[in-house]
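Novice: Structure in structure tokens, see below.
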Number of protein chains: 2
Amino acid sequence: MIVLVARYVCKPGLGDAVEEALSRMAALVRRNEPGCLLYHCCRSQENPDVFLLYEQYATHAALAAHRDTPHFQKIIEGEIVPMLEKREREFYSLIS
Amino acid sequence: MIVLVARYVCKPGLGDAVEEALSRMAALVRRNEPGCLLYHCCRSQENPDVFLLYEQYATHAALAAHRDTPHFQKIIEGEIVPMLEKREREFYSLIS
């Protein structure tokens with residue numbers, strides 16, 4: 001089990017557009033990726049231009065496959081990343 | 001629904017002790033707090049002295065009640081906080 005925590009800081013004022021794209025992304029992940037056990041998109045209550053994605057993958061292969069999907073390439077890399085000022089990713093193990 | 005993301009940085013070398021205490025904490029939260037919908041404790045794969053807690057509460061009252069439980073006071077405040085160098089908390093809304 002791999003936990004990926006991604007933090008996105010949008011270019012100012014683009015939070016609503018990023019939220020809309022993330023909602024489409026989450027629906028496609030749930031429909032197409034059985035190896036993705038959890039895909040939660042969260043928006044900061046303090047700063048509406050900040051998002052946190054909390055993702056769980058069954059295996060390293062499932063995580064690699066996630067990045068190769070057409071929806072990752074189109075929505076994350078193609079639409080969302082150009083709207084970001086900063087993107088950070090951290091990897092964790094679930095201990096309980 | 002409120003999402004709380006807590007990040008703990010331990011004093012050097014105390015990661016194993018914090019993991020043990022967090023495991024006890026998670027069991028007590030699951031057993032006693034129906035308003036806590038998710039309580040995931042994660043340990044960084046890059047730095048074993050870093051933890052991330054991903055928590056979801058049904059209501060603000062459930063979050064307030066969480067902080068008032070005997071296990072929060074004893075384990076988080078009494079045992080874990082003294083082992084930390086840094087503690088950060090952020091609040092999010094789940095968008096999908």
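Going by the structure tokens order, chains are called A, B, ..., each with residues numbered from 1, while ligands are numbered from 1 in the order shown.
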Region 31-45 of chain A: which residues within 7 Å, counting only C-alpha atoms, same-chain residues fewer than 5 positions away excluded, as a list in words?
Specialist: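 Result of the neighbour search: Leu22, Ala26, Val50, Phe51, Leu52, Leu53, Tyr54, Glu55, Gln56, Tyr57, Ala58 and Ala62 of chain A; Phe91, Tyr92, Ser93, Leu94, Ile95 and Ser96 of chain B.
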Novice: Save the residues we just selected, C-alpha atoms, as a CSV table (one decimal), in the first residue's frame?
Specialist:
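New file part.csv:
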```csv
chain,number,residue,atom,x,y,z
A,22,LEU,CA,-10.2,17.6,-10.3
A,26,ALA,CA,-11.7,11.8,-9.6
A,50,VAL,CA,-4.8,25.4,-2.4
A,51,PHE,CA,-5.7,21.7,-2.9
A,52,LEU,CA,-4.5,18.4,-1.3
A,53,LEU,CA,-4.9,15.1,-2.9
A,54,TYR,CA,-4.9,12.0,-0.7
A,55,GLU,CA,-4.4,8.9,-2.8
A,56,GLN,CA,-3.8,5.2,-1.9
A,57,TYR,CA,-2.5,2.6,-4.4
A,58,ALA,CA,-2.4,-1.1,-3.9
A,62,ALA,CA,-0.9,0.6,-9.8
B,91,PHE,CA,-8.3,22.2,7.4
B,92,TYR,CA,-9.8,21.2,4.0
B,93,SER,CA,-13.2,20.5,2.5
B,94,LEU,CA,-13.6,17.2,0.5
B,95,ILE,CA,-14.6,18.2,-3.0
B,96,SER,CA,-14.7,14.7,-4.5
```
Novice: Taking the DSSP secondary structure from the backbone, can you list the residues of chain B that are strand (DSSP E), as a compact mmCIF listing (two decimals) with N, CA and C atoms, in the first residue's frame?
Specialist:
```txt
# COMPACT_ATOMS: atom_id res chain seq x y z
N ILE B 2 -15.52 17.71 7.44
CA ILE B 2 -14.28 18.48 7.62
C ILE B 2 -13.10 17.52 7.49
N VAL B 3 -12.11 17.93 6.70
CA VAL B 3 -10.88 17.15 6.58
C VAL B 3 -9.79 17.89 7.35
N LEU B 4 -9.14 17.16 8.23
CA LEU B 4 -8.01 17.71 8.98
C LEU B 4 -6.76 16.94 8.56
N VAL B 5 -5.74 17.68 8.13
CA VAL B 5 -4.47 17.06 7.78
C VAL B 5 -3.43 17.58 8.76
N ALA B 6 -2.88 16.67 9.53
CA ALA B 6 -1.87 17.04 10.52
C ALA B 6 -0.52 16.47 10.08
N ARG B 7 0.51 17.27 10.24
CA ARG B 7 1.86 16.83 9.88
C ARG B 7 2.73 16.92 11.12
N TYR B 8 3.33 15.79 11.49
CA TYR B 8 4.17 15.76 12.68
C TYR B 8 5.62 15.51 12.28
N VAL B 9 6.53 16.33 12.77
CA VAL B 9 7.96 16.07 12.59
C VAL B 9 8.51 15.75 13.97
N CYS B 10 9.02 14.53 14.12
CA CYS B 10 9.51 14.07 15.43
C CYS B 10 10.89 14.65 15.73
N CYS B 36 -15.98 10.49 13.75
CA CYS B 36 -14.72 10.50 13.00
C CYS B 36 -14.86 9.45 11.91
N LEU B 37 -14.99 9.90 10.67
CA LEU B 37 -15.30 8.99 9.56
C LEU B 37 -14.07 8.30 9.01
N LEU B 38 -12.92 8.92 9.22
CA LEU B 38 -11.67 8.34 8.70
C LEU B 38 -10.53 8.86 9.57
N TYR B 39 -9.61 7.97 9.93
CA TYR B 39 -8.46 8.38 10.74
C TYR B 39 -7.28 7.55 10.27
N HIS B 40 -6.54 8.10 9.32
CA HIS B 40 -5.42 7.37 8.73
C HIS B 40 -4.10 7.97 9.21
N CYS B 41 -3.23 7.12 9.75
CA CYS B 41 -1.91 7.55 10.18
C CYS B 41 -0.88 7.04 9.19
N CYS B 42 -0.10 7.95 8.62
CA CYS B 42 0.85 7.61 7.57
C CYS B 42 2.26 8.04 8.00
N ARG B 43 3.25 7.23 7.59
CA ARG B 43 4.65 7.56 7.91
C ARG B 43 5.41 7.82 6.62
N SER B 44 6.18 8.87 6.58
CA SER B 44 6.88 9.25 5.36
C SER B 44 7.85 8.16 4.91
N VAL B 50 8.83 11.61 10.07
CA VAL B 50 7.73 12.48 9.63
C VAL B 50 6.46 11.66 9.46
N PHE B 51 5.35 12.18 9.99
CA PHE B 51 4.05 11.51 9.91
C PHE B 51 3.01 12.48 9.34
N LEU B 52 2.02 11.89 8.69
CA LEU B 52 0.87 12.68 8.22
C LEU B 52 -0.40 11.96 8.67
N LEU B 53 -1.28 12.70 9.31
CA LEU B 53 -2.58 12.15 9.72
C LEU B 53 -3.64 12.75 8.80
N TYR B 54 -4.43 11.87 8.21
CA TYR B 54 -5.53 12.31 7.33
C TYR B 54 -6.83 11.92 8.03
N GLU B 55 -7.58 12.92 8.47
CA GLU B 55 -8.75 12.68 9.32
C GLU B 55 -9.99 13.32 8.71
N GLN B 56 -11.12 12.64 8.80
CA GLN B 56 -12.39 13.23 8.34
C GLN B 56 -13.40 13.17 9.47
N TYR B 57 -14.09 14.31 9.66
CA TYR B 57 -15.12 14.40 10.70
C TYR B 57 -16.44 14.80 10.07
N LEU B 84 7.66 15.67 19.59
CA LEU B 84 7.68 16.36 18.30
C LEU B 84 8.55 17.62 18.32
N GLU B 85 9.12 17.85 17.14
CA GLU B 85 9.86 19.08 16.91
C GLU B 85 8.92 20.11 16.31
N LYS B 86 7.94 19.63 15.51
CA LYS B 86 7.03 20.51 14.80
C LYS B 86 5.69 19.82 14.59
N ARG B 87 4.62 20.59 14.65
CA ARG B 87 3.27 20.05 14.47
C ARG B 87 2.48 21.09 13.68
N GLU B 88 1.96 20.68 12.52
CA GLU B 88 1.20 21.61 11.68
C GLU B 88 -0.17 21.00 11.40
N ARG B 89 -1.20 21.84 11.37
CA ARG B 89 -2.54 21.33 11.05
C ARG B 89 -3.19 22.22 10.01
N GLU B 90 -3.86 21.59 9.05
CA GLU B 90 -4.57 22.32 8.00
C GLU B 90 -5.97 21.75 7.86
N PHE B 91 -6.92 22.61 7.52
CA PHE B 91 -8.31 22.19 7.36
C PHE B 91 -8.73 22.31 5.90
N TYR B 92 -9.40 21.25 5.44
CA TYR B 92 -9.84 21.18 4.05
C TYR B 92 -11.31 20.79 3.98
N SER B 93 -11.90 21.03 2.81
CA SER B 93 -13.22 20.48 2.48
C SER B 93 -13.00 19.40 1.43
N LEU B 94 -13.73 18.30 1.54
CA LEU B 94 -13.63 17.24 0.54
C LEU B 94 -14.48 17.65 -0.66
```
Novice: Looking at A:Asp49, A:Leu63, A:His71, A:Val81, which one is nearest to chain B, with distances taken over only C-alpha atoms?
Specialist: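 The closest residue to chain B is A:Asp49.
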Novice: Within chain B, find each residue whose DSSP state, derived from the backbone, is alpha helix (DSSP H), and express the selection as a ChimeraX atom specification.
Specialist: /B:15-32,60-68,70-71
Novice: Next, dump the selected residues to file, keeping only N, CA, C and O atoms, as a short mmCIF file (atom, residue, chain, number, x, y, z; two decimals), in the first residue's frame.
Specialist:
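Resulting contents of part_29.cif:
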```cif
data_model
loop_
_atom_site.label_atom_id
_atom_site.label_comp_id
_atom_site.auth_asym_id
_atom_site.auth_seq_id
_atom_site.Cartn_x
_atom_site.Cartn_y
_atom_site.Cartn_z
N GLY B 15 10.76 8.39 15.71
CA GLY B 15 9.70 7.95 14.81
C GLY B 15 9.05 6.64 15.24
O GLY B 15 7.83 6.50 15.17
N ASP B 16 9.83 5.67 15.68
CA ASP B 16 9.24 4.38 16.05
C ASP B 16 8.33 4.52 17.27
O ASP B 16 7.25 3.91 17.32
N ALA B 17 8.74 5.32 18.23
CA ALA B 17 7.91 5.52 19.42
C ALA B 17 6.62 6.26 19.05
O ALA B 17 5.53 5.94 19.57
N VAL B 18 6.71 7.23 18.15
CA VAL B 18 5.50 7.95 17.73
C VAL B 18 4.59 7.01 16.94
O VAL B 18 3.36 7.02 17.13
N GLU B 19 5.15 6.16 16.10
CA GLU B 19 4.31 5.20 15.35
C GLU B 19 3.54 4.29 16.31
O GLU B 19 2.34 4.05 16.14
N GLU B 20 4.22 3.83 17.34
CA GLU B 20 3.55 2.92 18.30
C GLU B 20 2.40 3.65 19.00
O GLU B 20 1.29 3.11 19.14
N ALA B 21 2.62 4.89 19.39
CA ALA B 21 1.57 5.65 20.08
C ALA B 21 0.42 5.97 19.12
O ALA B 21 -0.77 5.90 19.50
N LEU B 22 0.73 6.30 17.87
CA LEU B 22 -0.33 6.59 16.90
C LEU B 22 -1.19 5.36 16.61
O LEU B 22 -2.39 5.48 16.39
N SER B 23 -0.59 4.19 16.62
CA SER B 23 -1.36 2.97 16.38
C SER B 23 -2.37 2.75 17.51
O SER B 23 -3.53 2.39 17.26
N ARG B 24 -1.94 3.00 18.75
CA ARG B 24 -2.88 2.90 19.88
C ARG B 24 -3.98 3.94 19.75
O ARG B 24 -5.15 3.67 19.99
N MET B 25 -3.59 5.15 19.37
CA MET B 25 -4.56 6.24 19.21
C MET B 25 -5.61 5.88 18.15
O MET B 25 -6.82 6.04 18.37
N ALA B 26 -5.16 5.39 17.00
CA ALA B 26 -6.08 5.09 15.90
C ALA B 26 -7.11 4.05 16.33
O ALA B 26 -8.30 4.15 16.01
N ALA B 27 -6.67 3.04 17.09
CA ALA B 27 -7.59 2.00 17.55
C ALA B 27 -8.66 2.60 18.46
O ALA B 27 -9.85 2.26 18.36
N LEU B 28 -8.26 3.51 19.33
CA LEU B 28 -9.22 4.13 20.26
C LEU B 28 -10.18 5.06 19.53
O LEU B 28 -11.37 5.12 19.86
N VAL B 29 -9.68 5.78 18.53
CA VAL B 29 -10.56 6.67 17.75
C VAL B 29 -11.63 5.83 17.05
O VAL B 29 -12.82 6.14 17.10
N ARG B 30 -11.20 4.73 16.42
CA ARG B 30 -12.16 3.89 15.67
C ARG B 30 -13.19 3.27 16.60
O ARG B 30 -14.35 3.11 16.25
N ARG B 31 -12.75 2.92 17.79
CA ARG B 31 -13.66 2.24 18.73
C ARG B 31 -14.66 3.20 19.37
O ARG B 31 -15.77 2.81 19.70
N ASN B 32 -14.24 4.49 19.53
CA ASN B 32 -15.04 5.39 20.37
C ASN B 32 -15.65 6.61 19.70
O ASN B 32 -16.39 7.34 20.35
N HIS B 60 -18.40 19.82 12.82
CA HIS B 60 -17.48 20.55 13.69
C HIS B 60 -17.57 20.03 15.13
O HIS B 60 -16.57 20.00 15.85
N ALA B 61 -18.77 19.64 15.54
CA ALA B 61 -18.94 19.11 16.90
C ALA B 61 -18.15 17.82 17.09
O ALA B 61 -17.55 17.59 18.15
N ALA B 62 -18.12 16.98 16.05
CA ALA B 62 -17.36 15.72 16.15
C ALA B 62 -15.87 16.01 16.25
O ALA B 62 -15.14 15.33 16.99
N LEU B 63 -15.41 17.03 15.54
CA LEU B 63 -13.98 17.40 15.62
C LEU B 63 -13.66 17.96 17.01
O LEU B 63 -12.63 17.60 17.61
N ALA B 64 -14.54 18.80 17.53
CA ALA B 64 -14.32 19.35 18.87
C ALA B 64 -14.33 18.22 19.91
O ALA B 64 -13.49 18.20 20.83
N ALA B 65 -15.26 17.29 19.75
CA ALA B 65 -15.36 16.16 20.70
C ALA B 65 -14.09 15.31 20.67
O ALA B 65 -13.63 14.81 21.70
N HIS B 66 -13.53 15.15 19.45
CA HIS B 66 -12.29 14.37 19.29
C HIS B 66 -11.19 14.92 20.20
O HIS B 66 -10.49 14.17 20.88
N ARG B 67 -11.06 16.25 20.20
CA ARG B 67 -9.98 16.87 20.99
C ARG B 67 -10.23 16.78 22.49
O ARG B 67 -9.31 16.97 23.28
N ASP B 68 -11.47 16.54 22.85
CA ASP B 68 -11.80 16.44 24.27
C ASP B 68 -11.76 15.02 24.81
O ASP B 68 -11.99 14.80 26.00
N PRO B 70 -10.48 11.46 26.29
CA PRO B 70 -9.34 11.11 27.16
C PRO B 70 -8.15 10.58 26.36
O PRO B 70 -7.00 10.86 26.70
N HIS B 71 -8.42 9.83 25.25
CA HIS B 71 -7.27 9.31 24.48
C HIS B 71 -6.52 10.41 23.74
O HIS B 71 -5.31 10.34 23.60
#
```
Novice: My list of candidates is A:Glu79, A:Gln73, A:Glu46, A:Pro12. Which is closest to chain B when distances are computed with only C-alpha atoms?
Specialist: A:Glu46
Novice: Just checking: using only C-alpha atoms, which residue out of B:Gly78, B:Phe72, B:Thr59, B:Asn47 ends up closest to chain A?
Specialist: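 Once distances to chain A are computed over only C-alpha atoms, the minimum belongs to B:Asn47.
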Novice: If you measure from CA of Lys74 (chain A) to CA of Met1 (chain A), what distance in Å do you get, rounded to one decimal?
Specialist: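 Here the two named atoms are 25.8 Å from each other.
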Novice: Suppose you want the space between CA of Pro48 (chain B) and CA of Ile76 (chain A); what is it in Å?
Specialist: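 Computing the Euclidean distance for CA of Pro48 (chain B) and CA of Ile76 (chain A) yields 29.1 Å.
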